[in-house]
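Engineer: File name run-v9.cif; file contents mmCIF, C-alpha atoms; full text below.
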```cif
data_model
#
loop_
_atom_site.label_atom_id
_atom_site.label_comp_id
_atom_site.auth_asym_id
_atom_site.auth_seq_id
_atom_site.Cartn_x
_atom_site.Cartn_y
_atom_site.Cartn_z
CA MET A 5 -70.36 -32.66 -18.77
CA SER A 6 -68.00 -35.01 -16.94
CA GLY A 7 -65.64 -34.77 -19.89
CA LEU A 8 -65.68 -31.05 -19.50
CA ARG A 9 -64.98 -31.32 -15.80
CA ARG A 10 -62.09 -33.69 -16.45
CA GLY A 11 -60.81 -31.19 -18.97
CA SER A 12 -60.86 -28.41 -16.42
CA VAL A 13 -59.10 -30.57 -13.81
CA CYS A 14 -56.37 -31.17 -16.34
CA LEU A 15 -56.26 -27.48 -17.08
CA GLY A 16 -55.85 -26.81 -13.36
CA LEU A 17 -53.08 -29.36 -12.99
CA CYS A 18 -51.30 -28.16 -16.08
CA LEU A 19 -51.46 -24.62 -14.74
CA VAL A 20 -49.98 -25.72 -11.42
CA ALA A 21 -47.26 -27.59 -13.30
CA ALA A 22 -46.55 -24.54 -15.42
CA LEU A 23 -46.41 -22.28 -12.37
CA THR A 24 -44.00 -24.57 -10.50
CA ALA A 25 -41.81 -24.80 -13.57
CA ASN A 26 -41.84 -21.03 -13.61
CA ALA A 27 -40.90 -20.80 -9.95
CA GLN A 28 -37.99 -23.12 -10.61
CA THR A 29 -36.72 -21.20 -13.60
CA ASP A 30 -37.17 -17.90 -11.73
CA ALA A 31 -34.14 -18.39 -9.50
CA PRO A 32 -31.56 -18.95 -12.27
CA SER A 33 -32.93 -15.90 -14.09
CA ARG A 34 -31.50 -13.74 -11.32
CA ARG A 35 -28.33 -12.21 -12.63
CA SER A 36 -25.55 -9.98 -11.41
CA GLY A 37 -25.21 -6.45 -12.78
CA TYR A 38 -22.04 -7.81 -14.40
CA HIS A 39 -24.22 -9.25 -17.18
CA ASP A 40 -25.82 -5.86 -17.86
CA MET A 41 -22.48 -4.23 -18.70
CA GLY A 42 -20.81 -4.09 -22.10
CA LYS A 43 -18.05 -6.58 -22.98
CA PRO A 44 -15.21 -4.06 -22.41
CA LEU A 45 -16.23 -3.49 -18.78
CA GLN A 46 -16.66 -7.22 -18.19
CA ALA A 47 -13.16 -7.75 -19.58
CA MET A 48 -11.84 -5.00 -17.28
CA GLN A 49 -13.38 -6.70 -14.24
CA ASP A 50 -12.14 -10.15 -15.26
CA ASP A 51 -8.51 -9.17 -15.77
CA ASP A 52 -6.72 -8.51 -12.48
CA MET A 53 -4.08 -6.45 -14.30
CA ALA A 54 -6.76 -4.16 -15.76
CA ASN A 55 -9.25 -4.08 -12.87
CA PRO A 56 -8.57 -0.82 -10.98
CA GLY A 57 -10.17 -2.30 -7.85
CA MET A 58 -7.13 -4.59 -7.48
CA LEU A 59 -5.09 -1.51 -6.42
CA TRP A 60 -7.28 -1.28 -3.30
CA VAL A 61 -7.00 -5.03 -2.74
CA GLY A 62 -3.20 -4.65 -2.80
CA GLU A 63 -3.28 -1.71 -0.39
CA GLY A 64 -5.63 -3.66 1.87
CA ALA A 65 -3.21 -6.58 1.95
CA ASN A 66 -0.50 -4.21 3.24
CA LEU A 67 -2.82 -2.72 5.86
CA TRP A 68 -3.74 -6.23 6.99
CA ASN A 69 -0.16 -6.72 8.16
CA GLN A 70 0.41 -3.26 9.62
CA ARG A 71 0.70 -2.87 13.41
CA PHE A 72 -0.99 0.02 15.21
CA ALA A 73 0.18 2.17 18.05
CA ALA A 74 -1.92 1.36 21.12
CA ALA A 75 -2.26 -2.42 20.92
CA ASP A 76 0.68 -2.86 18.53
CA LYS A 77 -1.30 -5.56 16.74
CA SER A 78 -2.02 -6.09 13.07
CA CYS A 79 -5.07 -7.88 11.68
CA ALA A 80 -2.68 -10.73 10.83
CA ASP A 81 -1.54 -11.04 14.46
CA CYS A 82 -5.06 -12.16 15.41
CA HIS A 83 -6.36 -13.72 12.19
CA GLY A 84 -3.29 -15.05 10.41
CA ALA A 85 -3.01 -14.73 6.65
CA VAL A 86 -5.76 -12.77 4.92
CA GLN A 87 -6.84 -15.99 3.19
CA SER A 88 -8.42 -16.94 6.53
CA MET A 89 -11.16 -14.44 5.60
CA SER A 90 -12.40 -16.76 2.84
CA GLY A 91 -16.22 -16.94 2.97
CA VAL A 92 -16.68 -14.10 5.46
CA ALA A 93 -18.03 -11.47 3.03
CA ALA A 94 -20.54 -14.01 1.69
CA ARG A 95 -22.33 -14.12 5.06
CA TYR A 96 -22.37 -10.42 6.09
CA PRO A 97 -24.20 -8.35 7.41
CA ALA A 98 -24.46 -10.47 10.54
CA PHE A 99 -24.64 -10.36 14.33
CA THR A 100 -21.22 -10.27 15.88
CA ALA A 101 -19.61 -10.12 19.30
CA GLY A 102 -19.80 -6.63 20.74
CA SER A 103 -22.91 -5.50 18.87
CA ASP A 104 -26.62 -6.02 19.53
CA GLN A 105 -27.45 -5.09 15.94
CA PRO A 106 -26.38 -6.76 12.70
CA VAL A 107 -23.30 -5.06 11.28
CA THR A 108 -21.91 -4.77 7.77
CA LEU A 109 -18.44 -6.02 6.87
CA GLU A 110 -17.13 -2.45 7.05
CA GLN A 111 -18.61 -1.99 10.51
CA ARG A 112 -17.10 -5.33 11.63
CA ILE A 113 -13.69 -4.20 10.42
CA ASN A 114 -14.08 -0.97 12.37
CA LEU A 115 -15.08 -2.92 15.49
CA CYS A 116 -11.77 -4.78 15.23
CA ARG A 117 -9.97 -1.47 14.74
CA THR A 118 -11.41 0.14 17.84
CA GLN A 119 -11.81 -2.85 20.19
CA ASN A 120 -8.92 -5.13 19.28
CA GLN A 121 -6.34 -2.80 17.77
CA ARG A 122 -7.34 0.17 19.93
CA ALA A 123 -6.86 2.38 16.91
CA ASP A 124 -9.17 5.12 15.59
CA ARG A 125 -12.30 4.24 13.72
CA LEU A 126 -11.69 4.49 9.98
CA ALA A 127 -13.90 7.15 8.40
CA ASP A 128 -16.87 6.03 6.36
CA GLY A 129 -15.80 5.54 2.75
CA SER A 130 -12.15 6.34 3.54
CA ARG A 131 -9.47 4.84 1.33
CA GLU A 132 -8.17 2.61 4.16
CA LEU A 133 -11.58 1.25 5.05
CA MET A 134 -12.36 0.56 1.39
CA ALA A 135 -8.97 -1.13 0.95
CA LEU A 136 -9.40 -3.41 3.99
CA THR A 137 -12.98 -4.25 3.00
CA ALA A 138 -11.84 -4.98 -0.55
CA VAL A 139 -9.08 -7.37 0.48
CA VAL A 140 -11.36 -9.20 2.92
CA ALA A 141 -14.25 -9.48 0.44
CA HIS A 142 -11.84 -10.51 -2.33
CA GLN A 143 -11.12 -13.70 -0.36
CA SER A 144 -14.73 -14.75 -1.13
CA ARG A 145 -14.56 -14.07 -4.86
CA ASN A 146 -16.50 -16.73 -6.80
CA GLN A 147 -18.19 -17.98 -3.63
CA PRO A 148 -22.01 -17.99 -3.47
CA ILE A 149 -23.70 -15.39 -1.29
CA ALA A 150 -24.78 -17.37 1.78
CA PRO A 151 -26.53 -15.32 4.49
CA PRO A 152 -26.55 -17.10 7.86
CA ASP A 153 -29.76 -18.79 8.94
CA ASP A 154 -30.02 -16.62 12.05
CA PRO A 155 -33.58 -15.95 13.26
CA ARG A 156 -32.43 -12.69 14.87
CA LEU A 157 -31.79 -11.34 11.35
CA ARG A 158 -35.35 -11.86 10.14
CA PRO A 159 -36.91 -8.63 11.42
CA PHE A 160 -34.00 -6.65 9.94
CA ILE A 161 -34.36 -8.35 6.56
CA ALA A 162 -38.11 -7.65 6.66
CA ALA A 163 -37.44 -4.00 7.49
CA GLY A 164 -35.06 -3.87 4.51
CA GLU A 165 -37.70 -5.34 2.24
CA ALA A 166 -40.24 -2.75 3.40
CA LEU A 167 -37.77 0.02 2.55
CA TYR A 168 -37.13 -1.61 -0.83
CA ARG A 169 -40.85 -1.44 -1.61
CA LEU A 170 -41.46 2.05 -0.19
CA ARG A 171 -42.25 4.71 -2.75
CA GLN A 172 -40.22 7.74 -1.83
CA GLY A 173 -38.73 11.00 -3.00
CA GLN A 174 -40.14 13.70 -5.23
CA LEU A 175 -40.31 11.17 -8.09
CA ASN A 176 -42.38 8.80 -5.92
CA LEU A 177 -40.49 5.65 -6.95
CA SER A 178 -39.54 2.51 -5.03
CA CYS A 179 -36.42 0.41 -5.50
CA ALA A 180 -38.68 -2.49 -6.52
CA GLN A 181 -40.30 -0.51 -9.33
CA CYS A 182 -36.95 -0.10 -11.02
CA HIS A 183 -35.04 -3.23 -9.96
CA ASP A 184 -37.87 -5.82 -10.04
CA ASP A 185 -40.48 -4.40 -12.41
CA ASN A 186 -38.17 -2.68 -14.91
CA ALA A 187 -34.80 -4.45 -14.65
CA GLY A 188 -33.30 -4.92 -18.10
CA ARG A 189 -35.03 -1.81 -19.49
CA LYS A 190 -33.15 1.42 -20.15
CA LEU A 191 -33.20 4.40 -17.83
CA ALA A 192 -31.79 7.04 -20.16
CA GLY A 193 -28.83 5.13 -21.65
CA VAL A 194 -28.29 2.75 -18.73
CA THR A 195 -29.62 -0.78 -18.41
CA ILE A 196 -31.33 -1.11 -15.02
CA PRO A 197 -29.66 -4.02 -13.19
CA GLN A 198 -31.47 -6.33 -10.75
CA ALA A 199 -29.54 -4.65 -7.90
CA HIS A 200 -27.69 -7.66 -6.56
CA PRO A 201 -24.82 -6.67 -4.23
CA THR A 202 -22.38 -9.05 -5.90
CA GLY A 203 -19.40 -6.81 -6.59
CA TYR A 204 -18.87 -4.67 -3.48
CA PRO A 205 -16.83 -2.69 -2.89
CA ILE A 206 -16.99 -1.80 -6.60
CA TYR A 207 -14.77 0.31 -8.78
CA ARG A 208 -17.29 2.62 -10.43
CA LEU A 209 -16.11 4.52 -13.50
CA GLU A 210 -18.40 7.41 -12.65
CA TRP A 211 -16.71 7.73 -9.22
CA GLN A 212 -13.22 7.01 -10.54
CA SER A 213 -12.79 5.23 -7.25
CA LEU A 214 -13.70 2.19 -5.20
CA GLY A 215 -16.91 2.63 -3.24
CA SER A 216 -19.28 0.82 -0.94
CA LEU A 217 -22.80 -0.49 -1.41
CA LYS A 218 -23.93 2.33 0.86
CA ARG A 219 -22.51 4.85 -1.58
CA ARG A 220 -24.33 3.12 -4.45
CA LEU A 221 -27.61 3.21 -2.49
CA ARG A 222 -27.11 6.91 -1.78
CA ASN A 223 -26.76 7.48 -5.54
CA CYS A 224 -30.08 5.75 -6.20
CA LEU A 225 -31.80 7.74 -3.41
CA VAL A 226 -30.48 11.00 -4.83
CA GLY A 227 -31.73 9.95 -8.26
CA MET A 228 -35.21 9.44 -6.77
CA ARG A 229 -34.90 12.89 -5.13
CA ALA A 230 -35.34 11.18 -1.77
CA GLU A 231 -33.46 12.31 1.35
CA PRO A 232 -30.48 9.97 1.73
CA TYR A 233 -30.33 8.21 5.12
CA ALA A 234 -27.80 9.58 7.61
CA PRO A 235 -24.36 7.98 7.12
CA ASP A 236 -24.73 5.67 10.13
CA ALA A 237 -28.44 4.98 9.70
CA PRO A 238 -29.63 1.40 10.31
CA GLU A 239 -31.61 1.62 7.07
CA TYR A 240 -28.49 0.96 4.98
CA VAL A 241 -27.78 -2.22 6.96
CA GLN A 242 -31.41 -3.34 6.61
CA LEU A 243 -31.35 -2.74 2.85
CA GLU A 244 -28.04 -4.58 2.54
CA LEU A 245 -29.41 -7.53 4.52
CA PHE A 246 -32.48 -7.71 2.28
CA LEU A 247 -30.42 -7.41 -0.91
CA MET A 248 -27.98 -10.14 0.24
CA ASP A 249 -30.87 -12.44 1.14
CA ARG A 250 -32.47 -11.76 -2.24
CA ALA A 251 -29.16 -12.50 -3.99
CA ARG A 252 -28.56 -15.76 -2.09
CA GLY A 253 -26.54 -18.17 -4.25
CA LEU A 254 -25.17 -15.56 -6.71
CA LYS A 255 -21.39 -15.44 -6.76
CA LEU A 256 -19.34 -12.63 -5.24
CA GLU A 257 -17.10 -10.75 -7.69
CA THR A 258 -15.16 -8.35 -5.48
CA PRO A 259 -13.75 -6.09 -6.72
CA GLY A 260 -16.55 -5.57 -9.25
CA VAL A 261 -16.31 -2.92 -11.97
CA ARG A 262 -19.44 -0.93 -12.81
CA PRO A 263 -20.16 2.00 -15.16
CA MET B 29 -62.85 10.65 -10.40
CA GLY B 30 -65.78 12.56 -11.94
CA ASN B 31 -65.75 16.25 -11.34
CA ALA B 32 -63.53 17.33 -8.48
CA VAL B 33 -61.59 20.40 -7.58
CA HIS B 34 -58.08 19.61 -6.48
CA ALA B 35 -56.33 22.14 -4.29
CA GLU B 36 -53.01 21.92 -2.46
CA ASP B 37 -51.07 24.48 -0.47
CA GLY B 38 -48.98 26.66 -2.71
CA LEU B 39 -50.24 25.03 -5.92
CA ARG B 40 -52.92 26.32 -8.24
CA PRO B 41 -56.24 24.52 -7.86
CA TYR B 42 -57.56 22.56 -10.83
CA ARG B 43 -60.72 20.70 -11.76
CA ILE B 44 -60.67 17.12 -13.04
CA VAL B 45 -63.44 16.11 -15.42
CA GLY B 46 -63.41 12.45 -16.42
CA ASP B 47 -59.80 11.60 -17.26
CA ALA B 48 -58.77 15.16 -18.02
CA ILE B 49 -58.07 18.63 -16.65
CA PRO B 50 -59.99 20.86 -19.07
CA ALA B 51 -58.54 24.27 -18.19
CA PRO B 52 -54.88 25.36 -18.30
CA LEU B 53 -53.42 25.61 -14.77
CA THR B 54 -52.27 29.14 -15.56
CA GLY B 55 -55.41 30.23 -17.39
CA GLU B 56 -53.53 30.48 -20.68
CA ALA B 57 -51.94 28.20 -23.28
CA GLY B 58 -48.26 27.28 -22.94
CA ASP B 59 -45.42 27.69 -25.40
CA PRO B 60 -44.47 24.51 -27.33
CA GLU B 61 -40.87 25.65 -27.97
CA ARG B 62 -40.20 26.09 -24.26
CA GLY B 63 -42.02 22.80 -23.65
CA ARG B 64 -39.71 21.00 -26.01
CA ALA B 65 -36.67 22.26 -24.10
CA ILE B 66 -38.19 21.14 -20.77
CA VAL B 67 -38.95 17.64 -22.08
CA ALA B 68 -35.43 17.24 -23.50
CA ASN B 69 -33.70 18.52 -20.36
CA ARG B 70 -32.46 15.65 -18.20
CA ARG B 71 -32.59 17.65 -14.97
CA VAL B 72 -35.75 19.68 -15.55
CA GLY B 73 -38.28 17.45 -17.31
CA MET B 74 -36.34 14.17 -17.00
CA CYS B 75 -38.88 12.72 -19.47
CA LEU B 76 -36.25 11.05 -21.67
CA ARG B 77 -34.92 9.05 -18.75
CA CYS B 78 -38.01 6.86 -19.17
CA HIS B 79 -39.56 7.80 -22.54
CA SER B 80 -38.17 8.10 -26.02
CA GLY B 81 -39.35 10.79 -28.42
CA PRO B 82 -38.56 12.62 -31.65
CA PHE B 83 -35.22 14.01 -30.44
CA PRO B 84 -32.63 12.70 -32.91
CA GLN B 85 -29.86 14.68 -31.15
CA GLU B 86 -30.48 13.02 -27.76
CA ARG B 87 -28.51 9.78 -27.72
CA PHE B 88 -29.69 8.23 -24.46
CA GLN B 89 -33.43 7.75 -24.21
CA GLY B 90 -35.39 5.50 -21.91
CA THR B 91 -37.43 2.37 -22.58
CA LEU B 92 -39.45 2.27 -19.34
CA ALA B 93 -42.47 4.02 -20.82
CA PRO B 94 -44.42 4.42 -24.07
CA PRO B 95 -42.71 6.60 -26.73
CA LEU B 96 -43.84 10.23 -26.66
CA THR B 97 -44.03 10.28 -30.46
CA GLY B 98 -47.71 10.39 -31.36
CA ALA B 99 -48.84 11.44 -27.86
CA GLY B 100 -50.66 14.40 -29.44
CA SER B 101 -52.68 12.05 -31.66
CA ARG B 102 -53.59 9.67 -28.86
CA TRP B 103 -54.64 12.27 -26.31
CA THR B 104 -56.21 15.73 -26.20
CA GLU B 105 -54.41 18.57 -24.43
CA LYS B 106 -56.84 18.18 -21.55
CA GLN B 107 -56.02 14.51 -21.14
CA LEU B 108 -52.29 15.17 -21.48
CA ARG B 109 -52.54 17.77 -18.72
CA LEU B 110 -53.82 15.26 -16.13
CA ARG B 111 -51.23 12.71 -17.22
CA ILE B 112 -48.41 15.15 -16.51
CA VAL B 113 -49.94 16.76 -13.41
CA ASP B 114 -50.59 13.48 -11.58
CA ALA B 115 -50.67 10.26 -13.62
CA ALA B 116 -51.33 8.30 -10.41
CA GLN B 117 -54.92 9.57 -10.49
CA LEU B 118 -55.42 7.31 -13.51
CA ASN B 119 -53.18 4.41 -12.45
CA ARG B 120 -52.20 4.21 -8.78
CA ASP B 121 -49.20 2.00 -9.51
CA THR B 122 -47.71 4.03 -12.32
CA ILE B 123 -44.02 4.89 -12.20
CA MET B 124 -44.72 8.15 -14.07
CA PRO B 125 -43.81 10.76 -11.44
CA PRO B 126 -46.44 13.27 -10.25
CA TYR B 127 -45.19 16.50 -11.81
CA TYR B 128 -47.62 18.84 -10.04
CA ARG B 129 -48.28 17.35 -6.63
CA THR B 130 -46.58 17.79 -3.28
CA ASP B 131 -48.81 15.85 -0.89
CA GLY B 132 -48.71 12.12 -0.22
CA LEU B 133 -44.96 11.88 -0.96
CA GLU B 134 -42.49 10.29 1.49
CA ARG B 135 -38.96 11.35 2.40
CA VAL B 136 -38.57 13.99 -0.30
CA ALA B 137 -34.99 15.37 -0.37
CA LYS B 138 -34.65 18.70 1.45
CA GLY B 139 -33.93 20.74 -1.67
CA PHE B 140 -37.14 19.53 -3.33
CA ALA B 141 -39.53 19.27 -0.38
CA GLY B 142 -42.82 21.13 -0.78
CA LYS B 143 -42.15 21.92 -4.44
CA PRO B 144 -43.75 20.29 -7.46
CA ILE B 145 -41.34 18.86 -10.07
CA LEU B 146 -42.53 21.43 -12.62
CA SER B 147 -44.28 24.79 -12.15
CA ALA B 148 -47.77 25.43 -13.53
CA GLU B 149 -46.22 27.44 -16.39
CA GLN B 150 -43.81 24.62 -17.24
CA ILE B 151 -46.65 22.06 -17.21
CA GLU B 152 -48.57 24.17 -19.74
CA ASP B 153 -45.46 24.49 -21.94
CA VAL B 154 -44.99 20.70 -21.87
CA VAL B 155 -48.68 20.08 -22.68
CA ALA B 156 -48.47 22.52 -25.60
CA PHE B 157 -45.38 20.72 -26.92
CA LEU B 158 -46.82 17.20 -26.53
CA ALA B 159 -49.94 18.29 -28.45
CA THR B 160 -47.69 18.93 -31.47
CA LEU B 161 -46.41 15.32 -31.46
CA LYS B 162 -48.79 13.87 -34.06
CA ASP B 163 -48.33 10.46 -35.66
CA GLN B 164 -46.67 10.80 -39.06
#
```
Translate this structure into structure tokens?

Structural biologist:
Amino acid sequence: MSGLRRGSVCLGLCLVAALTANAQTDAPSRRSGYHDMGKPLQAMQDDDMANPGMLWVGEGANLWNQRFAAADKSCADCHGAVQSMSGVAARYPAFTAGSDQPVTLEQRINLCRTQNQRADRLADGSRELMALTAVVAHQSRNQPIAPPDDPRLRPFIAAGEALYRLRQGQLNLSCAQCHDDNAGRKLAGVTIPQAHPTGYPIYRLEWQSLGSLKRRLRNCLVGMRAEPYAPDAPEYVQLELFLMDRARGLKLETPGVRP
Amino acid sequence: MGNAVHAEDGLRPYRIVGDAIPAPLTGEAGDPERGRAIVANRRVGMCLRCHSGPFPQERFQGTLAPPLTGAGSRWTEKQLRLRIVDAAQLNRDTIMPPYYRTDGLERVAKGFAGKPILSAEQIEDVVAFLATLKDQ
């Protein structure tokens, strides 16, 4: 009897040990969508001469130094060389001066445009905005995603997680059902990635262009036959915050290449 | 589950008995040839996004769901009908979309709102086709 009980205590302990081991190996099993692509696309991303996203990075570097009419100031006049942006993309979205909501990197760039340069807001997804975002995010390439430990962000991250788990659209699917439950399986011919925002902005072959995480999320919503959020909707920021928190520690790759 | 009549605005009512819908939604049997085309069509049936099946000409098939090959041996037409109409009635958490349901869905895109994924006629065509998929 007592032997049996001792046996079951051991069983309990062993189970706990096994579960903790599992929890520890869980984190490293997170992987960027980079690893779900074929070798040719990985090679394209890895080689700056072949990676089409580097064209936008180059354009962004020019824009960084360009002065604008009203304030006659370039980004460089305030920030210095673009290398000063090292680490910034790894901690966005974040709260920032002049906004009572967390903002994405693109929104932060536009705040500088309108408030500091007194220039026009760059249109969502425009070539200039993508180029500036690309050159800024490129300064964090190979750095781990490191969201700030800001308690004000928590409700926004939680809202993002709720959206991630919401079943929506005519197909009644949630992000989690594909990207947590079925990552690694094939949807038609495509391997479902874990949806880590490691490469943004990405050069997507299907777009033949560089595009934002928001654009990628819109594609998934359309695929679910769900109504995409309005272009300036806070939902995109919430989802991005949740995805960045979930990807904490994975390395940024900007500009990523994706199929 | 048992024996319930299911009725939604704009959709034909049906009766569930056990894990099946015994009667065709349209009152008559579907056409397996048309059903095959619906299943293979990526925009209409979308089945091969998740399932694979005996479609040697279709290169990209899914691995999220059991293969359709043999579905006609595993299930009767009546059981297949409920699985296509609303698989969530058998498994709440399934990712198999509800092909003939419009209520209880959130944020459906404008172009699709209020419409089922397939019409009653298309459901019957798909059921008729799946019934021909016997294990070799």

Engineer: How would you write, as a PyMOL selection string, the residues chosen by the PyMOL selection byres ((chain A) within 9 of (chain B)) on this structure?

Structural biologist: chain A and resi 170-178+181-182+186+189-194+225-226+228-232

Engineer: I'd like the neighbourhood of segment 108-113 of chain A as a list in words, where a residue qualifies if any of its atoms comes within 9 Å (using all atoms listed in the file), though same-chain residues fewer than 5 positions away should be ignored.

Structural biologist: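 That gives Val92, Ala93, Tyr96, Pro97, Ala98, Thr100, Thr118, Leu126, Asp128, Leu133, Met134, Leu136, Thr137, Val140, Ala141, Ser216, Val241, Glu244 and Leu245 of chain A.
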
Engineer: How would the residues just picked look written out with C-alpha atoms as a compact mmCIF listing (two decimals), keeping the file's coordinate frame?

Structural biologist:
```
# COMPACT_ATOMS: atom_id res chain seq x y z
CA VAL A 92 -16.68 -14.10 5.46
CA ALA A 93 -18.03 -11.47 3.03
CA TYR A 96 -22.37 -10.42 6.09
CA PRO A 97 -24.20 -8.35 7.41
CA ALA A 98 -24.46 -10.47 10.54
CA THR A 100 -21.22 -10.27 15.88
CA THR A 118 -11.41 0.14 17.84
CA LEU A 126 -11.69 4.49 9.98
CA ASP A 128 -16.87 6.03 6.36
CA LEU A 133 -11.58 1.25 5.05
CA MET A 134 -12.36 0.56 1.39
CA LEU A 136 -9.40 -3.41 3.99
CA THR A 137 -12.98 -4.25 3.00
CA VAL A 140 -11.36 -9.20 2.92
CA ALA A 141 -14.25 -9.48 0.44
CA SER A 216 -19.28 0.82 -0.94
CA VAL A 241 -27.78 -2.22 6.96
CA GLU A 244 -28.04 -4.58 2.54
CA LEU A 245 -29.41 -7.53 4.52
```

Engineer: Please enumerate the residues selected by the PyMOL selection byres ((chain A and resi 148) around 8) when evaluated against the supplied file, formatted as a list in words.

Structural biologist: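 Here the PyMOL selection byres ((chain A and resi 148) around 8) matches Ala94, Asn146, Gln147, Ile149, Ala150, Arg252, Gly253, Leu254, Lys255 and Leu256 of chain A.
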
Engineer: Starting from the displayed file, determine the output of the PyMOL selection byres ((chain B and resi 67) around 12) and express the residue list as a PDB file with C-alpha atoms, in the frame of the given file.

Structural biologist:
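The result, stored in out.pdb:
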```
ATOM      1  CA  PRO B  60     -44.470  24.510 -27.330  1.00  0.00           C
ATOM      2  CA  GLU B  61     -40.870  25.650 -27.970  1.00  0.00           C
ATOM      3  CA  ARG B  62     -40.200  26.090 -24.260  1.00  0.00           C
ATOM      4  CA  GLY B  63     -42.020  22.800 -23.650  1.00  0.00           C
ATOM      5  CA  ARG B  64     -39.710  21.000 -26.010  1.00  0.00           C
ATOM      6  CA  ALA B  65     -36.670  22.260 -24.100  1.00  0.00           C
ATOM      7  CA  ILE B  66     -38.190  21.140 -20.770  1.00  0.00           C
ATOM      8  CA  ALA B  68     -35.430  17.240 -23.500  1.00  0.00           C
ATOM      9  CA  ASN B  69     -33.700  18.520 -20.360  1.00  0.00           C
ATOM     10  CA  ARG B  70     -32.460  15.650 -18.200  1.00  0.00           C
ATOM     11  CA  ARG B  71     -32.590  17.650 -14.970  1.00  0.00           C
ATOM     12  CA  VAL B  72     -35.750  19.680 -15.550  1.00  0.00           C
ATOM     13  CA  GLY B  73     -38.280  17.450 -17.310  1.00  0.00           C
ATOM     14  CA  MET B  74     -36.340  14.170 -17.000  1.00  0.00           C
ATOM     15  CA  CYS B  75     -38.880  12.720 -19.470  1.00  0.00           C
ATOM     16  CA  LEU B  76     -36.250  11.050 -21.670  1.00  0.00           C
ATOM     17  CA  ARG B  77     -34.920   9.050 -18.750  1.00  0.00           C
ATOM     18  CA  CYS B  78     -38.010   6.860 -19.170  1.00  0.00           C
ATOM     19  CA  HIS B  79     -39.560   7.800 -22.540  1.00  0.00           C
ATOM     20  CA  SER B  80     -38.170   8.100 -26.020  1.00  0.00           C
ATOM     21  CA  GLY B  81     -39.350  10.790 -28.420  1.00  0.00           C
ATOM     22  CA  PRO B  82     -38.560  12.620 -31.650  1.00  0.00           C
ATOM     23  CA  PHE B  83     -35.220  14.010 -30.440  1.00  0.00           C
ATOM     24  CA  GLU B  86     -30.480  13.020 -27.760  1.00  0.00           C
ATOM     25  CA  GLN B  89     -33.430   7.750 -24.210  1.00  0.00           C
ATOM     26  CA  LEU B  96     -43.840  10.230 -26.660  1.00  0.00           C
ATOM     27  CA  ILE B 112     -48.410  15.150 -16.510  1.00  0.00           C
ATOM     28  CA  LEU B 146     -42.530  21.430 -12.620  1.00  0.00           C
ATOM     29  CA  GLN B 150     -43.810  24.620 -17.240  1.00  0.00           C
ATOM     30  CA  ILE B 151     -46.650  22.060 -17.210  1.00  0.00           C
ATOM     31  CA  GLU B 152     -48.570  24.170 -19.740  1.00  0.00           C
ATOM     32  CA  ASP B 153     -45.460  24.490 -21.940  1.00  0.00           C
ATOM     33  CA  VAL B 154     -44.990  20.700 -21.870  1.00  0.00           C
ATOM     34  CA  VAL B 155     -48.680  20.080 -22.680  1.00  0.00           C
ATOM     35  CA  ALA B 156     -48.470  22.520 -25.600  1.00  0.00           C
ATOM     36  CA  PHE B 157     -45.380  20.720 -26.920  1.00  0.00           C
ATOM     37  CA  LEU B 158     -46.820  17.200 -26.530  1.00  0.00           C
TER      38      LEU B 158
END
```

Engineer: Counting only C-alpha atoms, which residues have an atom no more than 7 Å from (-50.0, 19.8, -14.0) in the file's coordinates? Please list them as a VMD selection string.

Structural biologist: chain B and resid 53 109 to 110 112 to 114 127 to 128 148 151

Engineer: Between atom CA of Tyr168 of chain A and atom CA of Ala180 of chain A, what is the spacing in Å?

Structural biologist: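 Rounded to one decimal, the two atoms are 6.0 Å apart.
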
Engineer: Using all atoms listed in the file, pick whichever of A:Val107, A:Ala163, A:Ala74, A:Leu214 has the shortest atom-to-atom distance to Arg131 of chain A.

Structural biologist: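 For Arg131 of chain A, the nearest of the candidates is A:Leu214.
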
Engineer: Work out how far apart atom CA of Ala234 of chain A and atom CA of Gly164 of chain A are and give it in Å to one decimal.

Structural biologist: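 Atom-to-atom, atom CA of Ala234 of chain A to atom CA of Gly164 of chain A, that is 15.6 Å.
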
Engineer: Atom CA of Asp236 of chain A and atom CA of Arg220 of chain A, how far apart in Å?

Structural biologist: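 These atoms are spaced 14.8 Å apart.
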